[in-house]
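File shown: my_file_3.cif. Contents: mmCIF, C-alpha atoms and all ligand atoms.
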```cif
data_data
#
loop_
_atom_site.label_atom_id
_atom_site.label_comp_id
_atom_site.auth_asym_id
_atom_site.auth_seq_id
_atom_site.Cartn_x
_atom_site.Cartn_y
_atom_site.Cartn_z
CA MET A 1 0.00 0.00 0.00
CA LEU A 2 2.65 2.51 1.06
CA ALA A 3 4.98 1.28 -1.68
CA GLU A 4 2.23 1.62 -4.29
CA ASN A 5 1.28 5.08 -3.06
CA LEU A 6 4.88 6.22 -3.23
CA LYS A 7 5.31 4.82 -6.71
CA ARG A 8 2.19 6.62 -7.92
CA ILE A 9 3.23 9.91 -6.30
CA ARG A 10 6.71 9.69 -7.81
CA ALA A 11 5.19 9.04 -11.24
CA GLU A 12 2.86 12.03 -10.85
CA ILE A 13 5.75 14.25 -9.78
CA ALA A 14 7.80 13.12 -12.77
CA ALA A 15 4.88 13.77 -15.14
CA ALA A 16 4.19 17.22 -13.68
CA ALA A 17 7.90 18.11 -13.80
CA GLY A 18 7.97 16.96 -17.42
CA ARG A 19 5.04 19.22 -18.32
CA ALA A 20 6.88 22.15 -16.77
CA GLY A 21 10.25 21.30 -18.32
CA ARG A 22 11.74 20.67 -14.87
CA ASP A 23 14.10 17.99 -13.59
CA PRO A 24 12.05 15.86 -11.14
CA GLY A 25 15.23 15.43 -9.12
CA THR A 26 14.85 19.04 -7.96
CA VAL A 27 11.60 18.20 -6.15
CA ARG A 28 11.90 16.85 -2.59
CA LEU A 29 9.08 14.79 -1.22
CA VAL A 30 8.56 15.49 2.49
CA ALA A 31 6.51 12.66 4.01
CA VAL A 32 4.14 14.20 6.56
CA THR A 33 3.83 11.71 9.41
CA LYS A 34 1.40 13.43 11.78
CA THR A 35 -0.87 10.73 13.30
CA VAL A 36 1.37 8.07 11.72
CA GLY A 37 3.33 5.71 13.98
CA CYS A 38 6.99 4.71 14.12
CA GLU A 39 6.41 1.50 12.15
CA GLN A 40 5.09 3.45 9.17
CA VAL A 41 8.02 5.85 9.39
CA ARG A 42 10.38 2.89 9.34
CA ARG A 43 8.65 1.47 6.26
CA ALA A 44 8.73 4.79 4.47
CA ALA A 45 12.43 5.18 5.22
CA ALA A 46 13.05 1.64 3.97
CA LEU A 47 11.42 2.67 0.68
CA GLY A 48 14.02 5.39 0.31
CA LEU A 49 12.24 8.41 1.75
CA GLN A 50 14.62 10.69 3.65
CA ASP A 51 12.59 13.82 4.39
CA PHE A 52 9.84 13.71 7.01
CA GLY A 53 7.54 16.46 8.23
CA GLU A 54 5.71 17.00 11.52
CA ASN A 55 3.60 19.94 12.64
CA ARG A 56 3.55 19.37 16.41
CA LEU A 57 6.56 18.82 18.63
CA GLN A 58 4.72 16.70 21.19
CA GLU A 59 3.55 14.22 18.61
CA ALA A 60 6.83 14.21 16.72
CA ARG A 61 9.15 13.61 19.62
CA GLU A 62 9.16 9.81 19.74
CA LYS A 63 9.55 9.52 15.97
CA VAL A 64 12.35 12.06 15.79
CA GLU A 65 14.19 10.34 18.64
CA THR A 66 13.70 6.90 17.13
CA PHE A 67 14.94 7.98 13.69
CA PRO A 68 17.53 10.72 14.26
CA GLN A 69 19.26 9.87 10.99
CA LEU A 70 16.27 11.09 8.94
CA CYS A 71 15.89 14.69 7.85
CA TRP A 72 13.02 16.13 9.94
CA HIS A 73 11.10 19.19 8.78
CA PHE A 74 9.06 21.27 11.22
CA ILE A 75 6.05 22.37 9.17
CA GLY A 76 3.57 23.66 11.78
CA HIS A 77 3.13 26.84 13.77
CA LEU A 78 6.15 27.16 16.07
CA GLN A 79 5.84 28.62 19.56
CA THR A 80 8.97 30.34 20.87
CA ASN A 81 9.03 28.16 23.99
CA LYS A 82 9.41 25.06 21.79
CA VAL A 83 12.35 26.36 19.78
CA LYS A 84 15.09 24.72 21.83
CA GLN A 85 13.63 21.24 21.41
CA VAL A 86 12.75 21.75 17.77
CA LEU A 87 16.30 22.82 16.97
CA ALA A 88 17.62 19.70 18.68
CA GLY A 89 15.75 17.30 16.38
CA PHE A 90 14.72 19.11 13.20
CA SER A 91 16.87 20.15 10.25
CA LEU A 92 14.57 22.66 8.61
CA ILE A 93 11.80 24.93 9.87
CA HIS A 94 9.13 25.78 7.28
CA SER A 95 7.19 28.25 9.43
CA LEU A 96 9.27 31.32 10.25
CA ASP A 97 6.57 34.00 10.33
CA ARG A 98 7.48 36.66 12.90
CA LEU A 99 10.48 38.45 14.41
CA SER A 100 9.84 37.16 17.93
CA LEU A 101 10.36 33.66 16.55
CA ALA A 102 13.48 34.81 14.68
CA GLY A 103 14.77 36.15 18.00
CA ALA A 104 14.27 32.80 19.72
CA LEU A 105 15.90 30.94 16.80
CA GLN A 106 18.87 33.31 16.92
CA ARG A 107 19.26 32.92 20.70
CA TRP A 108 19.10 29.13 20.64
CA GLY A 109 21.22 28.94 17.52
CA ASP A 110 23.89 30.86 19.45
CA ASN A 111 23.45 28.64 22.47
CA LEU A 112 23.72 25.40 20.53
CA GLU A 113 26.32 26.88 18.18
CA LYS A 114 24.44 25.85 15.08
CA GLU A 115 23.07 27.47 11.99
CA VAL A 116 19.29 27.50 11.75
CA THR A 117 17.84 26.87 8.29
CA ALA A 118 14.33 28.20 7.82
CA LEU A 119 11.72 29.02 5.22
CA VAL A 120 9.57 32.11 5.61
CA GLN A 121 5.87 31.27 5.67
CA VAL A 122 3.68 33.52 3.56
CA ASN A 123 -0.10 33.66 3.80
CA VAL A 124 -0.68 34.11 0.09
CA SER A 125 -4.43 33.54 0.24
CA GLY A 126 -4.96 36.04 3.08
CA GLU A 127 -7.25 33.63 4.93
CA GLU A 128 -7.53 34.59 8.59
CA SER A 129 -7.22 30.98 9.69
CA LYS A 130 -3.72 30.72 8.24
CA PHE A 131 -0.38 31.70 9.69
CA GLY A 132 2.24 33.53 7.69
CA LEU A 133 3.22 37.01 6.59
CA ALA A 134 1.16 39.05 4.19
CA PRO A 135 3.01 39.27 0.85
CA ALA A 136 3.42 43.03 1.33
CA GLU A 137 5.27 42.44 4.61
CA LEU A 138 7.85 40.14 3.06
CA PRO A 139 10.50 42.66 1.88
CA ASP A 140 10.83 44.35 5.28
CA PHE A 141 10.79 41.02 7.08
CA LEU A 142 13.57 39.57 4.92
CA ALA A 143 15.60 42.75 5.40
CA ALA A 144 15.13 42.56 9.18
CA LEU A 145 16.37 38.96 9.22
CA ARG A 146 19.83 40.21 8.26
CA ASP A 147 20.21 41.12 11.93
CA TYR A 148 19.83 37.44 12.89
CA PRO A 149 23.07 35.90 11.61
CA ARG A 150 22.37 32.40 12.94
CA ILE A 151 19.35 32.13 10.61
CA ARG A 152 19.81 31.09 7.00
CA VAL A 153 16.66 31.76 4.99
CA ALA A 154 16.45 29.02 2.36
CA GLY A 155 13.18 30.00 0.70
CA LEU A 156 9.45 30.47 1.12
CA MET A 157 6.56 28.28 2.23
CA THR A 158 2.82 28.58 1.77
CA MET A 159 -0.39 26.64 2.21
CA ALA A 160 -3.00 27.06 -0.51
CA PRO A 161 -6.63 27.30 0.56
CA TRP A 162 -8.63 24.09 0.48
CA VAL A 163 -10.21 23.94 -2.97
CA ASP A 164 -12.36 21.40 -4.79
CA HIS A 165 -10.15 21.24 -7.85
CA PRO A 166 -6.34 21.43 -7.67
CA GLU A 167 -6.26 23.82 -10.59
CA GLU A 168 -7.86 26.45 -8.34
CA ALA A 169 -4.73 26.38 -6.15
CA ARG A 170 -2.49 27.39 -9.04
CA PRO A 171 -2.71 31.20 -8.58
CA PHE A 172 -1.50 30.89 -4.97
CA PHE A 173 1.52 28.80 -5.93
CA ARG A 174 2.31 31.12 -8.81
CA ARG A 175 2.14 34.06 -6.43
CA LEU A 176 4.70 32.44 -4.11
CA ARG A 177 7.04 31.91 -7.05
CA GLU A 178 6.61 35.55 -8.07
CA LEU A 179 7.32 36.66 -4.51
CA ARG A 180 10.56 34.74 -4.64
CA ARG A 181 11.55 36.41 -7.87
CA ALA A 182 10.72 39.83 -6.44
CA ASN A 183 12.57 39.26 -3.15
CA ALA A 184 15.54 37.05 -3.99
CA GLY A 185 18.95 38.54 -4.73
CA PRO A 186 22.61 37.54 -5.02
CA ASP A 187 22.98 37.58 -1.22
CA LEU A 188 19.57 35.92 -0.66
CA PRO A 189 18.97 33.26 -3.33
CA LEU A 190 15.82 31.70 -1.74
CA PRO A 191 16.26 28.38 -3.57
CA HIS A 192 13.31 26.57 -1.99
CA LEU A 193 9.56 26.83 -2.46
CA SER A 194 7.69 24.57 -0.02
CA MET A 195 4.20 24.27 -1.44
CA GLY A 196 1.79 21.52 -2.46
CA MET A 197 0.03 18.87 -0.38
CA THR A 198 -1.98 15.75 -1.20
CA ASN A 199 -4.74 17.58 -3.05
CA ASP A 200 -2.67 19.97 -5.12
CA TYR A 201 0.94 18.80 -5.37
CA THR A 202 1.02 18.20 -9.14
CA VAL A 203 -0.01 21.82 -9.74
CA ALA A 204 2.60 22.93 -7.20
CA VAL A 205 5.32 21.05 -9.12
CA GLU A 206 4.23 22.74 -12.34
CA GLU A 207 4.57 26.09 -10.57
CA GLY A 208 8.07 25.43 -9.26
CA ALA A 209 7.74 23.68 -5.89
CA THR A 210 11.02 22.23 -4.60
CA MET A 211 9.47 20.67 -1.48
CA LEU A 212 6.11 18.93 -1.37
CA ARG A 213 4.54 18.17 2.02
CA ILE A 214 2.46 15.05 1.52
CA GLY A 215 0.68 12.99 4.18
CA THR A 216 -2.66 11.52 3.09
CA ALA A 217 -1.60 10.42 -0.39
CA LEU A 218 1.22 8.38 1.18
CA PHE A 219 -0.22 7.03 4.42
CA GLY A 220 -3.98 7.16 3.80
CA PRO A 221 -6.61 9.34 5.50
CA ARG A 222 -6.00 10.48 9.07
CA ALA A 223 -8.60 9.87 11.78
CA GLY A 224 -11.31 12.49 11.44
CA GLN A 225 -10.45 13.10 7.80
CA GLY A 226 -13.05 12.30 5.12
C1 LIG A 301 -0.87 17.97 7.41
C2 LIG A 301 -0.04 18.92 6.67
C3 LIG A 301 0.37 18.63 5.35
C4 LIG A 301 0.00 17.36 4.61
O1 LIG A 301 -1.36 17.33 4.30
P1 LIG A 301 -1.98 16.19 3.35
O2 LIG A 301 -3.18 16.81 2.78
O3 LIG A 301 -2.30 15.04 4.26
O4 LIG A 301 -0.97 15.82 2.34
C5 LIG A 301 1.17 19.57 4.70
N1 LIG A 301 1.55 20.72 5.30
C6 LIG A 301 1.18 21.02 6.55
C7 LIG A 301 1.65 22.31 7.15
C8 LIG A 301 0.38 20.14 7.28
O5 LIG A 301 0.03 20.45 8.53
#
```

Please lay out the structure from this file as structure tokens.
Ligand SMILES: *Cc1c(COP(=O)(O)O)cnc(C)c1O
Amino acid sequence: MLAENLKRIRAEIAAAAGRAGRDPGTVRLVAVTKTVGCEQVRRAAALGLQDFGENRLQEAREKVETFPQLCWHFIGHLQTNKVKQVLAGFSLIHSLDRLSLAGALQRWGDNLEKEVTALVQVNVSGEESKFGLAPAELPDFLAALRDYPRIRVAGLMTMAPWVDHPEEARPFFRRLRELRRANAGPDLPLPHLSMGMTNDYTVAVEEGATMLRIGTALFGPRAGQG
């Protein structure tokens, strides 16, 4: 089941990359393991997956400790009082969205003497329920981050609104790509675009995603999900 799902997803990624004239090797599949147990993580890793995403520290802890060799991505809203523990186990934070969080990342990066790699989360759709900066706030925010030398900004992340048809998500992904073009520079290349989930990842690949965050399509529906 997991093997078949992965095979299908990889084929879809390759097809979407082909349509966009992209090398599928530039697209990283981040397996989102919220609600999924250690055994499933082990199976996914055995199938060659290396990148894993979690949105809550509490739920992630056992998995991260059991599989420290995997590359763990923190993809959820990050509270400043969780930063120390997140930095201990996670390689990449997808949800940098405010300067108070940058301050905590800088402090703990200093403390642990490590560089913190993060993506800046942008609320492209403007939905109130979503975290992230407004697109208009992005230039000042990126400029302010220069004062936080422990933080390396590796790109942008967004969540598209939930839509019936994946095609409807396209304008939001395109907007994130345009925001990268408008804000990247020689000293800030912003190589990564983290966008696309189970319902819309093929469109995200067509629009330039370099990281897809996929849970349901790999592991099946979560409890409480339709
Ligand atoms: C749960 C989650 C995903 C994966 O969602 P699926 O629809 O199951 O693929 C991606 N990104 C974030 C931030 C999530 O919380």

Pick from A:Asn5, A:Asn55, A:Gln106, A:Thr158 nearest to A:Lys34, counting all atoms listed in the file: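 Checking each of A:Asn5, A:Asn55, A:Gln106, A:Thr158 against A:Lys34, counting all atoms listed in the file, the winner is A:Asn55.
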
Give, as lines of an AutoDock Vina configuration file, the centre coordinates and the x, y and z edge lengths in Å to one decimal for an axis-aligned box around all listed atoms of stretch 172-187 of chain A, padded by 8 Å on each side.
```
center_x = 10.7
center_y = 34.3
center_z = -5.0
size_x = 40.5
size_y = 27.0
size_z = 23.6
```

6 Å shell around ligand LIG 301 (chain A) using all atoms listed in the file, listed as number ranges by chain: A: 32, 55, 75-76, 197-198, 213-216

What lies within 12 Å of A:Gly103 using only C-alpha atoms, ignoring chain neighbours under 2 positions off, as a PDB file with C-alpha atoms, in the coordinates of the input?
```pdb
ATOM      1  CA  GLN A  79       5.840  28.620  19.560  1.00  0.00           C
ATOM      2  CA  THR A  80       8.970  30.340  20.870  1.00  0.00           C
ATOM      3  CA  ASN A  81       9.030  28.160  23.990  1.00  0.00           C
ATOM      4  CA  VAL A  83      12.350  26.360  19.780  1.00  0.00           C
ATOM      5  CA  LEU A  96       9.270  31.320  10.250  1.00  0.00           C
ATOM      6  CA  ASP A  97       6.570  34.000  10.330  1.00  0.00           C
ATOM      7  CA  ARG A  98       7.480  36.660  12.900  1.00  0.00           C
ATOM      8  CA  LEU A  99      10.480  38.450  14.410  1.00  0.00           C
ATOM      9  CA  SER A 100       9.840  37.160  17.930  1.00  0.00           C
ATOM     10  CA  LEU A 101      10.360  33.660  16.550  1.00  0.00           C
ATOM     11  CA  LEU A 105      15.900  30.940  16.800  1.00  0.00           C
ATOM     12  CA  GLN A 106      18.870  33.310  16.920  1.00  0.00           C
ATOM     13  CA  ARG A 107      19.260  32.920  20.700  1.00  0.00           C
ATOM     14  CA  TRP A 108      19.100  29.130  20.640  1.00  0.00           C
ATOM     15  CA  GLY A 109      21.220  28.940  17.520  1.00  0.00           C
ATOM     16  CA  ASP A 110      23.890  30.860  19.450  1.00  0.00           C
ATOM     17  CA  VAL A 116      19.290  27.500  11.750  1.00  0.00           C
ATOM     18  CA  ALA A 144      15.130  42.560   9.180  1.00  0.00           C
ATOM     19  CA  LEU A 145      16.370  38.960   9.220  1.00  0.00           C
ATOM     20  CA  ARG A 146      19.830  40.210   8.260  1.00  0.00           C
ATOM     21  CA  ASP A 147      20.210  41.120  11.930  1.00  0.00           C
ATOM     22  CA  TYR A 148      19.830  37.440  12.890  1.00  0.00           C
ATOM     23  CA  PRO A 149      23.070  35.900  11.610  1.00  0.00           C
ATOM     24  CA  ARG A 150      22.370  32.400  12.940  1.00  0.00           C
ATOM     25  CA  ILE A 151      19.350  32.130  10.610  1.00  0.00           C
TER      26      ILE A 151
END
```

Nearby residues (all atoms listed in the file) at most 12 Å from A:Ala223, same-chain spacing under 3 positions excluded, as JSON, numbers by chain: {"A": [34, 35, 36, 216, 219, 220, 226]}

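When all atoms listed in the file are used to measure the gap to A:Ile93, the shortest distance among A:Val205, A:Leu112, A:Ala44, A:Leu119 belongs to A:Leu119.
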
Atom-to-atom span, atom CA of A:Thr33 and atom CA of A:Ala60, Å: 8.3 Å

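Using all atoms listed in the file, the smallest distance between any of A:Ala169, A:Met211, A:Ala118, A:Leu176 and A:Ala134 comes from A:Leu176.
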
Pick from A:His165, A:Arg152, A:Arg180, A:Lys7 nearest to A:Ala102, counting all atoms listed in the file: A:Arg152

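Of the residues listed (A:Asp23, A:Phe172, A:Leu29, A:Lys63), A:Leu29 shows the shortest atom-to-atom separation from A:Arg10; distances use only C-alpha atoms.
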
Can you fill out stretch 129-156 of chain A with N, CA and C atoms and hand it back as a tab-separated table (two decimals), in the coordinates of the input?
```tsv
chain	number	residue	atom	x	y	z
A	129	SER	N	-7.54	32.21	8.96
A	129	SER	CA	-7.22	30.98	9.69
A	129	SER	C	-5.77	30.55	9.48
A	130	LYS	N	-5.07	31.19	8.57
A	130	LYS	CA	-3.72	30.72	8.24
A	130	LYS	C	-2.64	31.61	8.83
A	131	PHE	N	-1.54	30.96	9.22
A	131	PHE	CA	-0.38	31.70	9.69
A	131	PHE	C	0.42	32.19	8.49
A	132	GLY	N	1.36	33.07	8.75
A	132	GLY	CA	2.24	33.53	7.69
A	132	GLY	C	2.14	35.03	7.49
A	133	LEU	N	3.18	35.58	6.87
A	133	LEU	CA	3.22	37.01	6.59
A	133	LEU	C	2.34	37.35	5.40
A	134	ALA	N	1.80	38.54	5.40
A	134	ALA	CA	1.16	39.05	4.19
A	134	ALA	C	2.27	39.30	3.16
A	135	PRO	N	1.98	39.05	1.88
A	135	PRO	CA	3.01	39.27	0.85
A	135	PRO	C	3.66	40.65	0.93
A	136	ALA	N	2.88	41.67	1.27
A	136	ALA	CA	3.42	43.03	1.33
A	136	ALA	C	4.43	43.21	2.47
A	137	GLU	N	4.36	42.34	3.47
A	137	GLU	CA	5.27	42.44	4.61
A	137	GLU	C	6.62	41.77	4.35
A	138	LEU	N	6.68	40.99	3.29
A	138	LEU	CA	7.85	40.14	3.06
A	138	LEU	C	9.17	40.91	2.88
A	139	PRO	N	9.21	41.97	2.07
A	139	PRO	CA	10.50	42.66	1.88
A	139	PRO	C	11.10	43.17	3.18
A	140	ASP	N	10.31	43.83	4.02
A	140	ASP	CA	10.83	44.35	5.28
A	140	ASP	C	11.25	43.22	6.21
A	141	PHE	N	10.47	42.14	6.21
A	141	PHE	CA	10.79	41.02	7.08
A	141	PHE	C	12.13	40.39	6.68
A	142	LEU	N	12.30	40.17	5.40
A	142	LEU	CA	13.57	39.57	4.92
A	142	LEU	C	14.74	40.50	5.23
A	143	ALA	N	14.53	41.80	5.09
A	143	ALA	CA	15.60	42.75	5.40
A	143	ALA	C	15.94	42.70	6.89
A	144	ALA	N	14.90	42.60	7.73
A	144	ALA	CA	15.13	42.56	9.18
A	144	ALA	C	15.90	41.31	9.59
A	145	LEU	N	15.70	40.23	8.86
A	145	LEU	CA	16.37	38.96	9.22
A	145	LEU	C	17.88	39.03	9.05
A	146	ARG	N	18.38	40.06	8.36
A	146	ARG	CA	19.83	40.21	8.26
A	146	ARG	C	20.47	40.42	9.62
A	147	ASP	N	19.68	40.90	10.58
A	147	ASP	CA	20.21	41.12	11.93
A	147	ASP	C	20.22	39.85	12.78
A	148	TYR	N	19.87	38.71	12.16
A	148	TYR	CA	19.83	37.44	12.89
A	148	TYR	C	20.78	36.45	12.18
A	149	PRO	N	22.09	36.62	12.43
A	149	PRO	CA	23.07	35.90	11.61
A	149	PRO	C	23.05	34.38	11.75
A	150	ARG	N	22.45	33.87	12.82
A	150	ARG	CA	22.37	32.40	12.94
A	150	ARG	C	21.35	31.81	11.98
A	151	ILE	N	20.44	32.64	11.45
A	151	ILE	CA	19.35	32.13	10.61
A	151	ILE	C	19.72	32.22	9.13
A	152	ARG	N	19.63	31.10	8.45
A	152	ARG	CA	19.81	31.09	7.00
A	152	ARG	C	18.44	30.88	6.37
A	153	VAL	N	17.97	31.86	5.64
A	153	VAL	CA	16.66	31.76	4.99
A	153	VAL	C	16.85	31.04	3.66
A	154	ALA	N	16.23	29.86	3.55
A	154	ALA	CA	16.45	29.02	2.36
A	154	ALA	C	15.32	29.10	1.36
A	155	GLY	N	14.28	29.90	1.66
A	155	GLY	CA	13.18	30.00	0.70
A	155	GLY	C	11.88	30.37	1.38
A	156	LEU	N	10.79	30.07	0.68
A	156	LEU	CA	9.45	30.47	1.12
A	156	LEU	C	8.54	29.25	1.21
```
